[in-house]
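Structure below is protein_0.txt: compact mmCIF, C-alpha atoms.
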```
# COMPACT_ATOMS: atom_id res chain seq x y z
CA MET A 1 0.00 0.00 0.00
CA GLN A 2 1.13 3.53 -0.75
CA ARG A 3 2.61 5.38 2.21
CA ILE A 4 3.99 8.83 2.74
CA PRO A 5 7.54 8.68 4.17
CA VAL A 6 8.08 10.24 7.58
CA LEU A 7 11.71 11.29 8.16
CA LYS A 8 13.32 12.01 11.49
CA LEU A 9 15.65 14.98 11.42
CA GLY A 10 17.22 15.72 14.78
CA ASP A 11 14.44 16.51 17.18
CA TYR A 12 11.89 16.93 14.43
CA LEU A 13 9.78 14.84 12.12
CA LEU A 14 9.71 15.82 8.49
CA VAL A 15 6.86 14.87 6.14
CA THR A 16 6.88 15.92 2.51
CA ILE A 17 3.72 15.16 0.62
CA GLN A 18 4.73 14.62 -3.00
CA VAL A 19 1.73 12.69 -4.24
CA GLU A 20 -1.92 13.42 -4.46
CA LEU A 21 -3.30 13.08 -0.96
CA HIS A 22 -6.45 11.01 -1.12
CA ASP A 23 -8.62 10.24 1.86
CA GLU A 24 -7.21 6.81 2.70
CA LEU A 25 -3.64 8.04 2.41
CA ALA A 26 -4.40 10.94 4.75
CA LEU A 27 -5.78 8.54 7.37
CA THR A 28 -2.73 6.28 7.03
CA LEU A 29 -0.45 9.28 7.42
CA GLN A 30 -2.33 10.27 10.56
CA ASP A 31 -1.80 6.77 12.04
CA ASP A 32 1.88 6.64 11.06
CA LEU A 33 2.58 10.04 12.53
CA THR A 34 0.84 9.27 15.81
CA LEU A 35 2.88 6.08 16.12
CA LYS A 36 6.18 7.79 15.39
CA LEU A 37 5.42 10.73 17.66
CA SER A 38 4.87 8.36 20.56
CA ARG A 39 7.97 6.26 19.84
CA MET A 40 10.49 8.89 18.93
CA ARG A 41 10.00 11.74 21.43
CA VAL A 42 10.20 14.60 18.98
CA ARG A 43 9.55 18.27 19.66
CA GLY A 44 8.12 19.33 16.38
CA LEU A 45 6.49 18.17 13.19
CA LEU A 46 7.01 19.80 9.82
CA ILE A 47 4.63 19.03 6.97
CA ASP A 48 5.63 20.22 3.51
CA ILE A 49 2.66 20.50 1.15
CA SER A 50 4.34 22.47 -1.62
CA ALA A 51 3.53 19.74 -4.14
CA LEU A 52 -0.11 19.51 -3.10
CA GLU A 53 -2.32 21.00 -5.79
CA ILE A 54 -5.77 19.87 -4.79
CA VAL A 55 -7.39 19.97 -1.37
CA ASP A 56 -10.88 19.31 -0.18
CA SER A 57 -12.53 19.78 3.18
CA PHE A 58 -11.55 16.27 4.26
CA ILE A 59 -7.85 16.84 3.61
CA GLY A 60 -8.08 20.21 5.34
CA ARG A 61 -9.67 18.60 8.37
CA SER A 62 -7.11 15.79 8.37
CA LEU A 63 -4.28 18.33 8.50
CA ALA A 64 -5.99 20.14 11.37
CA HIS A 65 -6.46 16.82 13.17
CA ILE A 66 -2.80 15.88 12.75
CA ALA A 67 -1.80 19.22 14.27
CA ARG A 68 -4.13 18.75 17.22
CA ILE A 69 -2.95 15.18 17.83
CA ALA A 70 0.67 16.39 17.73
CA ALA A 71 -0.15 19.17 20.18
CA LEU A 72 -1.65 16.58 22.56
CA MET A 73 1.60 14.63 22.31
CA ASP A 74 3.61 17.76 23.04
CA ALA A 75 4.94 18.48 19.56
CA SER A 76 4.23 21.66 17.62
CA THR A 77 3.23 21.44 13.96
CA VAL A 78 4.29 23.70 11.11
CA LEU A 79 2.63 23.50 7.73
CA VAL A 80 4.91 24.84 5.00
CA GLY A 81 4.77 25.69 1.32
CA MET A 82 1.05 25.94 0.78
CA ARG A 83 0.24 27.07 -2.74
CA PRO A 84 -1.86 30.21 -3.31
CA ALA A 85 -4.66 28.26 -4.98
CA VAL A 86 -4.79 25.80 -2.11
CA ALA A 87 -4.87 28.62 0.45
CA ILE A 88 -7.73 30.32 -1.37
CA THR A 89 -9.65 27.05 -1.58
CA LEU A 90 -9.27 26.36 2.13
CA VAL A 91 -10.40 29.87 3.02
CA GLU A 92 -13.40 29.59 0.71
CA LEU A 93 -14.23 26.28 2.40
CA GLY A 94 -14.21 28.17 5.69
CA MET A 95 -11.19 26.31 7.07
CA SER A 96 -8.62 28.81 8.26
CA LEU A 97 -6.74 26.06 10.20
CA ASP A 98 -6.47 28.15 13.35
CA GLY A 99 -3.87 26.83 15.70
CA ILE A 100 -1.57 25.45 13.02
CA HIS A 101 1.66 27.35 12.49
CA THR A 102 2.46 28.06 8.87
CA ALA A 103 5.61 29.05 7.05
CA LEU A 104 6.59 29.84 3.50
CA ASN A 105 9.17 27.10 2.97
CA VAL A 106 10.96 24.30 4.81
CA ASP A 107 13.79 26.64 5.82
CA LYS A 108 11.51 29.13 7.53
CA GLY A 109 9.46 26.30 8.99
CA MET A 110 12.52 24.80 10.69
CA GLN A 111 13.43 28.24 12.09
CA LEU A 112 9.94 28.53 13.51
CA LEU A 113 10.16 25.07 15.12
CA ARG A 114 13.54 25.83 16.66
CA ALA A 115 12.26 29.16 17.96
CA ALA A 116 9.23 27.41 19.46
CA ALA A 117 11.46 24.76 21.06
CA ALA A 118 13.79 27.42 22.46
CA GLY A 119 10.83 29.36 23.81
CA ARG A 120 9.64 26.74 26.23
CA MET B 1 -37.33 25.53 -55.98
CA ALA B 2 -35.74 28.75 -57.07
CA GLN B 3 -38.59 31.12 -57.51
CA ASN B 4 -37.93 34.49 -58.95
CA THR B 5 -39.07 37.36 -56.80
CA GLY B 6 -39.93 40.78 -58.06
CA MET B 7 -37.22 42.24 -55.91
CA GLY B 8 -34.65 39.68 -57.15
CA THR B 9 -35.26 40.38 -60.80
CA MET B 10 -35.37 44.10 -60.22
CA LEU B 11 -32.08 44.04 -58.30
CA GLN B 12 -30.38 41.93 -60.96
CA ASP B 13 -31.44 44.36 -63.64
CA ASN B 14 -30.55 47.54 -61.78
CA GLU B 15 -27.68 46.49 -59.50
CA SER B 16 -25.08 48.90 -60.84
CA ALA B 17 -27.49 51.86 -60.89
CA ILE B 18 -28.65 51.19 -57.33
CA LEU B 19 -25.06 50.80 -56.18
CA ARG B 20 -24.14 54.14 -57.73
CA ASP B 21 -27.08 55.98 -56.15
CA TRP B 22 -26.47 54.30 -52.81
CA ILE B 23 -22.80 55.21 -52.63
CA ALA B 24 -23.56 58.75 -53.74
CA SER B 25 -26.19 59.19 -51.04
CA GLN B 26 -23.87 57.72 -48.39
CA LEU B 27 -21.12 60.11 -49.40
CA ALA B 28 -23.55 63.03 -49.43
CA ASP B 29 -24.97 62.12 -46.02
CA THR B 30 -21.76 61.78 -44.14
CA ASP B 31 -19.86 64.69 -42.70
CA ARG B 32 -17.14 62.31 -41.57
CA ARG B 33 -15.04 62.21 -44.70
CA GLU B 34 -11.93 61.70 -42.57
CA LEU B 35 -13.26 58.32 -41.36
CA LEU B 36 -14.99 57.24 -44.55
CA ASN B 37 -12.52 56.19 -47.18
CA GLU B 38 -14.23 56.28 -50.58
CA THR B 39 -12.58 53.20 -52.09
CA GLU B 40 -13.26 51.25 -48.94
CA LEU B 41 -16.90 52.38 -48.97
CA ASN B 42 -17.21 51.37 -52.63
CA GLU B 43 -15.86 47.94 -51.85
CA GLN B 44 -18.06 47.46 -48.76
CA SER B 45 -21.20 48.62 -50.56
CA ARG B 46 -20.52 46.49 -53.62
CA ALA B 47 -19.88 43.37 -51.52
CA PHE B 48 -22.97 43.91 -49.41
CA LEU B 49 -25.25 44.60 -52.35
CA ALA B 50 -24.00 41.45 -54.10
CA LEU B 51 -24.76 39.35 -51.00
CA PHE B 52 -28.13 41.04 -50.55
CA SER B 53 -29.00 40.55 -54.18
CA SER B 54 -28.23 36.84 -54.12
CA ALA B 55 -30.23 36.46 -50.89
CA VAL B 56 -33.37 38.01 -52.38
CA GLN B 57 -33.32 35.89 -55.53
CA ASP B 58 -35.33 33.20 -53.75
CA ARG B 59 -38.68 33.82 -52.16
CA TYR B 60 -38.10 35.34 -48.75
CA ASP B 61 -40.04 36.78 -45.85
CA GLU B 62 -39.22 38.93 -42.85
CA GLU B 63 -37.88 35.92 -40.91
CA LEU B 64 -34.67 36.14 -42.99
CA ALA B 65 -33.96 32.41 -42.53
CA GLY B 66 -31.42 30.45 -44.54
CA GLN B 67 -27.73 30.26 -45.33
CA LEU B 68 -27.68 33.25 -47.68
CA TRP B 69 -29.25 35.54 -45.06
CA ASP B 70 -26.80 34.24 -42.45
CA ASP B 71 -24.00 35.35 -44.78
CA VAL B 72 -25.58 38.78 -45.12
CA ARG B 73 -25.88 39.11 -41.38
CA ALA B 74 -22.30 37.95 -40.79
CA ALA B 75 -20.98 40.46 -43.34
CA LEU B 76 -22.97 43.25 -41.69
CA ALA B 77 -21.70 42.26 -38.25
CA ARG B 78 -18.11 42.38 -39.51
CA LEU B 79 -18.72 45.75 -41.09
CA SER B 80 -20.27 47.36 -38.02
CA LYS B 81 -17.54 45.91 -35.82
CA SER B 82 -14.86 47.52 -37.96
CA ARG B 83 -16.83 50.78 -37.97
CA ALA B 84 -17.23 50.69 -34.19
CA MET B 85 -13.47 50.28 -33.88
CA ALA B 86 -12.87 53.13 -36.31
CA GLY B 87 -14.96 55.48 -34.17
CA PHE B 88 -18.23 55.79 -36.09
CA SER B 89 -21.37 56.57 -34.10
CA PRO B 90 -24.22 54.00 -33.98
CA THR B 91 -26.35 56.23 -36.25
CA GLU B 92 -23.62 56.48 -38.86
CA THR B 93 -23.15 52.72 -38.74
CA ALA B 94 -26.85 51.98 -39.15
CA THR B 95 -27.17 54.55 -41.94
CA PHE B 96 -25.11 52.22 -44.09
CA VAL B 97 -28.13 49.93 -44.40
CA PHE B 98 -30.91 52.50 -44.12
CA SER B 99 -29.54 54.64 -46.91
CA LEU B 100 -30.03 51.68 -49.25
CA LYS B 101 -33.80 52.13 -48.92
CA LYS B 102 -34.09 55.17 -51.11
CA PRO B 103 -32.40 53.79 -54.27
CA ILE B 104 -34.15 50.45 -53.89
CA PHE B 105 -37.58 52.02 -53.44
CA ALA B 106 -36.95 54.25 -56.44
CA ALA B 107 -35.99 51.26 -58.55
CA LEU B 108 -39.04 49.31 -57.36
CA ARG B 109 -41.25 52.26 -58.26
CA ARG B 110 -39.85 52.25 -61.75
CA ALA B 111 -40.21 48.45 -62.11
CA PHE B 112 -43.80 48.22 -60.85
CA ALA B 113 -45.11 51.60 -61.94
CA SER B 114 -48.15 49.96 -63.54
CA ASP B 115 -49.09 47.65 -60.65
CA ALA B 116 -49.85 49.63 -57.47
CA VAL B 117 -50.74 46.61 -55.31
CA ARG B 118 -47.55 44.75 -56.25
CA LEU B 119 -45.48 47.88 -55.73
CA ASN B 120 -46.95 48.30 -52.27
CA GLU B 121 -46.23 44.67 -51.34
CA GLU B 122 -42.66 44.71 -52.60
CA THR B 123 -41.90 48.05 -50.94
CA TRP B 124 -43.31 46.90 -47.63
CA LEU B 125 -41.30 43.67 -47.69
CA ALA B 126 -38.10 45.46 -48.68
CA SER B 127 -38.63 48.03 -45.96
CA THR B 128 -39.13 45.38 -43.25
CA VAL B 129 -36.09 43.42 -44.38
CA LEU B 130 -33.84 46.48 -44.46
CA ASP B 131 -35.09 47.56 -41.04
CA LYS B 132 -34.14 44.16 -39.67
CA LEU B 133 -30.70 44.34 -41.23
CA GLY B 134 -30.32 47.81 -39.73
CA MET B 135 -31.01 46.36 -36.30
CA VAL B 136 -28.35 43.72 -36.96
CA THR B 137 -25.76 46.43 -37.54
CA VAL B 138 -26.76 48.29 -34.39
CA GLU B 139 -26.62 45.11 -32.32
CA ALA B 140 -23.23 44.14 -33.69
CA TYR B 141 -22.00 47.66 -33.03
CA GLN B 142 -23.24 47.44 -29.45
CA ARG B 143 -21.61 44.05 -28.96
CA SER B 144 -18.23 45.21 -30.14
CA ARG B 145 -18.43 48.24 -27.84
CA GLU B 146 -19.27 45.93 -24.94
CA GLU B 147 -16.23 43.80 -25.75
CA VAL B 148 -14.12 46.93 -25.49
CA ILE B 149 -15.67 47.74 -22.11
CA VAL B 150 -15.02 44.24 -20.77
CA ARG B 151 -11.41 44.39 -21.91
CA GLN B 152 -10.93 47.78 -20.29
CA GLN B 153 -12.45 46.50 -17.06
CA GLN B 154 -9.91 43.69 -17.00
CA GLU B 155 -7.09 46.13 -17.69
CA LEU B 156 -8.32 48.38 -14.87
CA LEU B 157 -8.37 45.41 -12.52
CA ASP B 158 -4.81 44.52 -13.41
CA LEU B 159 -3.66 48.11 -13.11
CA SER B 160 -5.31 48.76 -9.81
CA THR B 161 -3.80 45.93 -7.82
CA PRO B 162 -0.03 46.17 -7.93
CA VAL B 163 2.01 44.43 -5.27
CA ILE B 164 5.10 46.30 -4.13
CA LYS B 165 8.14 44.83 -2.49
CA LEU B 166 9.07 47.16 0.38
CA TRP B 167 11.95 45.21 1.86
CA ASP B 168 13.37 41.73 1.78
CA GLY B 169 10.47 39.64 2.99
CA ILE B 170 7.98 42.52 3.14
CA VAL B 171 5.40 43.19 0.43
CA ALA B 172 2.61 45.76 0.31
CA VAL B 173 -0.61 46.19 -1.67
CA PRO B 174 -1.89 49.76 -1.83
CA LEU B 175 -5.59 49.41 -2.57
CA VAL B 176 -7.35 52.23 -4.42
CA GLY B 177 -11.05 52.24 -5.16
CA THR B 178 -14.00 50.14 -4.08
CA LEU B 179 -13.34 46.56 -3.09
CA ASP B 180 -15.97 44.28 -4.57
CA SER B 181 -15.69 40.52 -4.45
CA GLU B 182 -14.25 40.30 -7.96
CA ARG B 183 -11.47 42.72 -7.13
CA THR B 184 -10.81 41.04 -3.83
CA GLN B 185 -10.29 37.83 -5.73
CA VAL B 186 -7.69 39.49 -7.97
CA VAL B 187 -6.00 41.19 -5.01
CA MET B 188 -5.90 37.93 -3.13
CA GLU B 189 -4.38 36.01 -6.02
CA ASN B 190 -1.80 38.71 -6.77
CA LEU B 191 -0.83 39.05 -3.13
CA LEU B 192 -0.47 35.32 -2.55
CA GLN B 193 1.49 34.91 -5.75
CA SER B 194 3.90 37.67 -4.79
CA ILE B 195 4.29 36.21 -1.30
CA VAL B 196 5.59 33.09 -3.01
CA GLU B 197 7.79 35.04 -5.45
CA HIS B 198 9.39 37.34 -2.88
CA GLU B 199 9.42 34.79 -0.04
CA ALA B 200 7.63 37.40 2.02
CA THR B 201 6.84 36.83 5.67
CA VAL B 202 4.88 40.05 6.14
CA ALA B 203 2.26 41.48 3.79
CA ILE B 204 0.87 44.96 4.33
CA ILE B 205 -2.56 45.79 2.92
CA ASP B 206 -2.92 49.56 2.73
CA ILE B 207 -6.54 50.70 2.43
CA THR B 208 -5.93 54.47 2.43
CA GLY B 209 -7.49 54.67 -1.04
CA VAL B 210 -10.56 52.59 -0.25
CA PRO B 211 -13.46 55.04 0.09
CA THR B 212 -15.84 52.87 2.09
CA VAL B 213 -15.63 49.69 4.08
CA ASP B 214 -18.78 47.67 4.57
CA THR B 215 -19.26 44.22 6.05
CA LEU B 216 -18.59 42.55 2.70
CA VAL B 217 -15.32 44.40 2.18
CA ALA B 218 -14.25 43.61 5.73
CA GLN B 219 -15.08 39.97 5.20
CA ASN B 220 -13.11 39.93 1.95
CA LEU B 221 -10.12 41.47 3.71
CA LEU B 222 -10.33 38.87 6.44
CA LYS B 223 -10.42 36.11 3.82
CA THR B 224 -7.31 37.47 2.14
CA MET B 225 -5.53 37.61 5.46
CA ALA B 226 -6.55 34.06 6.37
CA ALA B 227 -5.22 32.80 3.04
CA ALA B 228 -1.93 34.65 3.51
CA ARG B 229 -1.59 33.22 6.99
CA LEU B 230 -2.12 29.70 5.62
CA MET B 231 0.84 30.28 3.35
CA GLY B 232 2.97 31.36 6.26
CA ALA B 233 2.87 35.12 5.88
CA GLU B 234 1.43 37.61 8.32
CA CYS B 235 -0.86 40.43 7.22
CA ILE B 236 -1.04 43.96 8.54
CA ILE B 237 -3.80 46.37 7.54
CA SER B 238 -2.77 49.99 7.37
CA GLY B 239 -4.33 53.27 6.34
CA ILE B 240 -7.55 52.99 8.30
CA ARG B 241 -9.00 56.49 8.21
CA PRO B 242 -11.07 57.89 11.09
CA GLN B 243 -14.40 57.50 9.28
CA ILE B 244 -13.58 53.95 8.31
CA ALA B 245 -12.57 53.07 11.85
CA GLN B 246 -15.95 54.41 13.01
CA THR B 247 -17.80 52.47 10.33
CA ILE B 248 -16.03 49.24 11.21
CA VAL B 249 -16.95 49.62 14.88
CA HIS B 250 -20.55 50.59 14.10
CA LEU B 251 -20.93 47.61 11.80
CA GLY B 252 -19.69 45.35 14.55
CA VAL B 253 -16.99 43.80 12.37
CA ASP B 254 -14.45 41.98 14.50
CA LEU B 255 -10.94 42.85 13.44
CA GLY B 256 -9.61 42.02 16.88
CA SER B 257 -7.24 39.31 15.71
CA VAL B 258 -5.78 41.54 13.01
CA THR B 259 -2.85 43.90 13.34
CA THR B 260 -4.10 47.30 12.18
CA LYS B 261 -2.05 50.45 11.86
CA ALA B 262 -3.02 54.00 11.00
CA THR B 263 -0.36 54.61 8.37
CA LEU B 264 1.82 52.61 6.04
CA ALA B 265 4.89 53.90 7.90
CA ASP B 266 3.64 52.42 11.18
CA ALA B 267 2.90 49.15 9.45
CA LEU B 268 6.38 49.07 7.93
CA ARG B 269 7.88 49.64 11.38
CA VAL B 270 5.94 46.67 12.76
CA ALA B 271 6.91 44.57 9.76
CA LEU B 272 10.60 45.37 10.24
CA VAL B 273 10.38 44.34 13.89
CA LYS B 274 8.77 41.06 12.87
CA CYS B 275 11.63 40.46 10.45
CA ASP B 276 14.19 41.27 13.19
CA LEU B 277 15.31 44.39 11.38
CA THR B 278 15.87 47.87 12.82
CA ILE B 279 16.36 51.25 11.23
CA THR B 280 18.86 53.48 13.02
CA ARG B 281 19.78 57.08 12.50
CA ASN B 282 23.46 57.20 11.63
CA ALA B 283 25.99 58.89 13.88
CA ARG B 284 26.68 61.85 11.61
CA ALA B 285 23.07 62.93 11.70
CA ASP B 286 23.10 62.70 15.48
CA LEU B 287 26.10 65.00 15.63
CA ALA B 288 24.50 67.50 13.32
CA ALA B 289 21.32 67.47 15.37
CA GLY B 290 23.17 67.70 18.69
```
Now, as a test, write the supplied structure out as structure tokens.
Amino acid sequence: MQRIPVLKLGDYLLVTIQVELHDELALTLQDDLTLKLSRMRVRGLLIDISALEIVDSFIGRSLAHIARIAALMDASTVLVGMRPAVAITLVELGMSLDGIHTALNVDKGMQLLRAAAAGR
Amino acid sequence: MAQNTGMGTMLQDNESAILRDWIASQLADTDRRELLNETELNEQSRAFLALFSSAVQDRYDEELAGQLWDDVRAALARLSKSRAMAGFSPTETATFVFSLKKPIFAALRRAFASDAVRLNEETWLASTVLDKLGMVTVEAYQRSREEVIVRQQQELLDLSTPVIKLWDGIVAVPLVGTLDSERTQVVMENLLQSIVEHEATVAIIDITGVPTVDTLVAQNLLKTMAAARLMGAECIISGIRPQIAQTIVHLGVDLGSVTTKATLADALRVALVKCDLTITRNARADLAAG
């Protein structure tokens, strides 16, 4: 079955979504991430969606869920590289993903995670 | 099937005479010699009369149905489009067809001088048909003007929403004019695109030039800001004038979660702080001042 790779980079988990994220894949990703978060004691989670071209309300909600699950397990989430069209779609769907940190690219996302880690 | 009509036969017999009279009357009518090129007019009139003449060879009625009439209409539409572009008025464009009435009626009178009933019928039919064709020219003229308006609207939209790079990582959109949903869409797309291009972390939306803010405009602004935040950039609204601040409060719009500043300068200061940048007065100026 198709899976999205989850990489561990220092104290952080790195997920880059390079394929079309369909519903089943999003649920699998959610499971995988929860498992790794519990096993690996990480401080932050970075999700790169720069290759994601299409989103629907389900994907939007899945991303919000992942962030909330990570927060419960004491890791902050940063969503990076969202495309303009995707951002507009999510806003039109009424999902502003409050509570998720966002950044322009992976570089800035990592800075944000480190700053958040240093802050506590 | 082909059934000769009185009009068809008459036109075939008198085509060159009618054409001559028609062109002469068009040239006499117009006081726009600078727009109306005589050779061009000759060519247009000749082509139209030929099409018209072949269309009336068969029996026809005021419905103007059939391939030949479609050709006539298409030719007229092309003609009035080119005239609209050249700057003719609607009246001048429609006169092209209406001025054909006089020579045709005169020729019909000559052809059916002995038969009053037939003359009446033919004249009535010709009059109705030419009126319809006149309406075709006016409609085509109107359509081509509307195309121009639509294109200008698009150009205005593009012109009115520039995104300026103020500093590394700071972009600004100075908005001028009313913000309707269509414009908000364009602003939003331009802003988000330039956030990607300039890798901006702060975007300033300056609404000094926006005359009124109602609930819809406020909602559109909030949408734009939410979208920018999703992409990882923060938005600051600047240029809120006293009246607009009052309106926003009276309307009960909640801009509590939004950073708002009175002027673009204040917004830039905040943006620089967010980017860990400071502006300092250099030592020489201090000395001069002290």
task = Using all atoms listed in the file, select each residue of chain A with any atom at most 7 Å away from an atom of chain B, and give the selection as JSON, numbers by chain.
result = {"A": [80, 81, 82, 83, 84, 87, 88, 91, 96, 102, 103, 104]}
Keeping C-alpha atoms for every residue in the selection just given, could you write it to a file as a PDB file, keeping the file's coordinate frame?
```pdb
ATOM      1  CA  VAL A  80       4.910  24.840   5.000  1.00  0.00           C
ATOM      2  CA  GLY A  81       4.770  25.690   1.320  1.00  0.00           C
ATOM      3  CA  MET A  82       1.050  25.940   0.780  1.00  0.00           C
ATOM      4  CA  ARG A  83       0.240  27.070  -2.740  1.00  0.00           C
ATOM      5  CA  PRO A  84      -1.860  30.210  -3.310  1.00  0.00           C
ATOM      6  CA  ALA A  87      -4.870  28.620   0.450  1.00  0.00           C
ATOM      7  CA  ILE A  88      -7.730  30.320  -1.370  1.00  0.00           C
ATOM      8  CA  VAL A  91     -10.400  29.870   3.020  1.00  0.00           C
ATOM      9  CA  SER A  96      -8.620  28.810   8.260  1.00  0.00           C
ATOM     10  CA  THR A 102       2.460  28.060   8.870  1.00  0.00           C
ATOM     11  CA  ALA A 103       5.610  29.050   7.050  1.00  0.00           C
ATOM     12  CA  LEU A 104       6.590  29.840   3.500  1.00  0.00           C
TER      13      LEU A 104
END
```
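Straight-line separation from atom CA of Leu108 of chain B to atom CA of Glu122 of chain B: 7.5 Å.
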key: Residue neighbourhood Leu113 of chain A, 10 Å, all atoms listed in the file, exclusion window fewer than 4 positions, as a PyMOL selection string   = chain A and resi 11-12+43-46+75-78+101+108-109+117-119
message = Just want the 10 Å neighbourhood of Leu52 of chain A, counted on only C-alpha atoms, with same-chain residues fewer than 5 positions away dropped. Output as number ranges by chain.
response = A: 16-21, 81-83, 86
Suppose we keep C-alpha atoms; can you now write the selection as a tab-separated table (two decimals), in the coordinates of the input?
```tsv
chain	number	residue	atom	x	y	z
A	16	THR	CA	6.88	15.92	2.51
A	17	ILE	CA	3.72	15.16	0.62
A	18	GLN	CA	4.73	14.62	-3.00
A	19	VAL	CA	1.73	12.69	-4.24
A	20	GLU	CA	-1.92	13.42	-4.46
A	21	LEU	CA	-3.30	13.08	-0.96
A	81	GLY	CA	4.77	25.69	1.32
A	82	MET	CA	1.05	25.94	0.78
A	83	ARG	CA	0.24	27.07	-2.74
A	86	VAL	CA	-4.79	25.80	-2.11
```
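Straight-line separation from atom CA of Leu79 of chain A to atom CA of Ile47 of chain A: 5.0 Å.
Atom pair atom CA of Met73 of chain A / atom CA of Met40 of chain A has a distance of 11.1 Å (rounded to one decimal).
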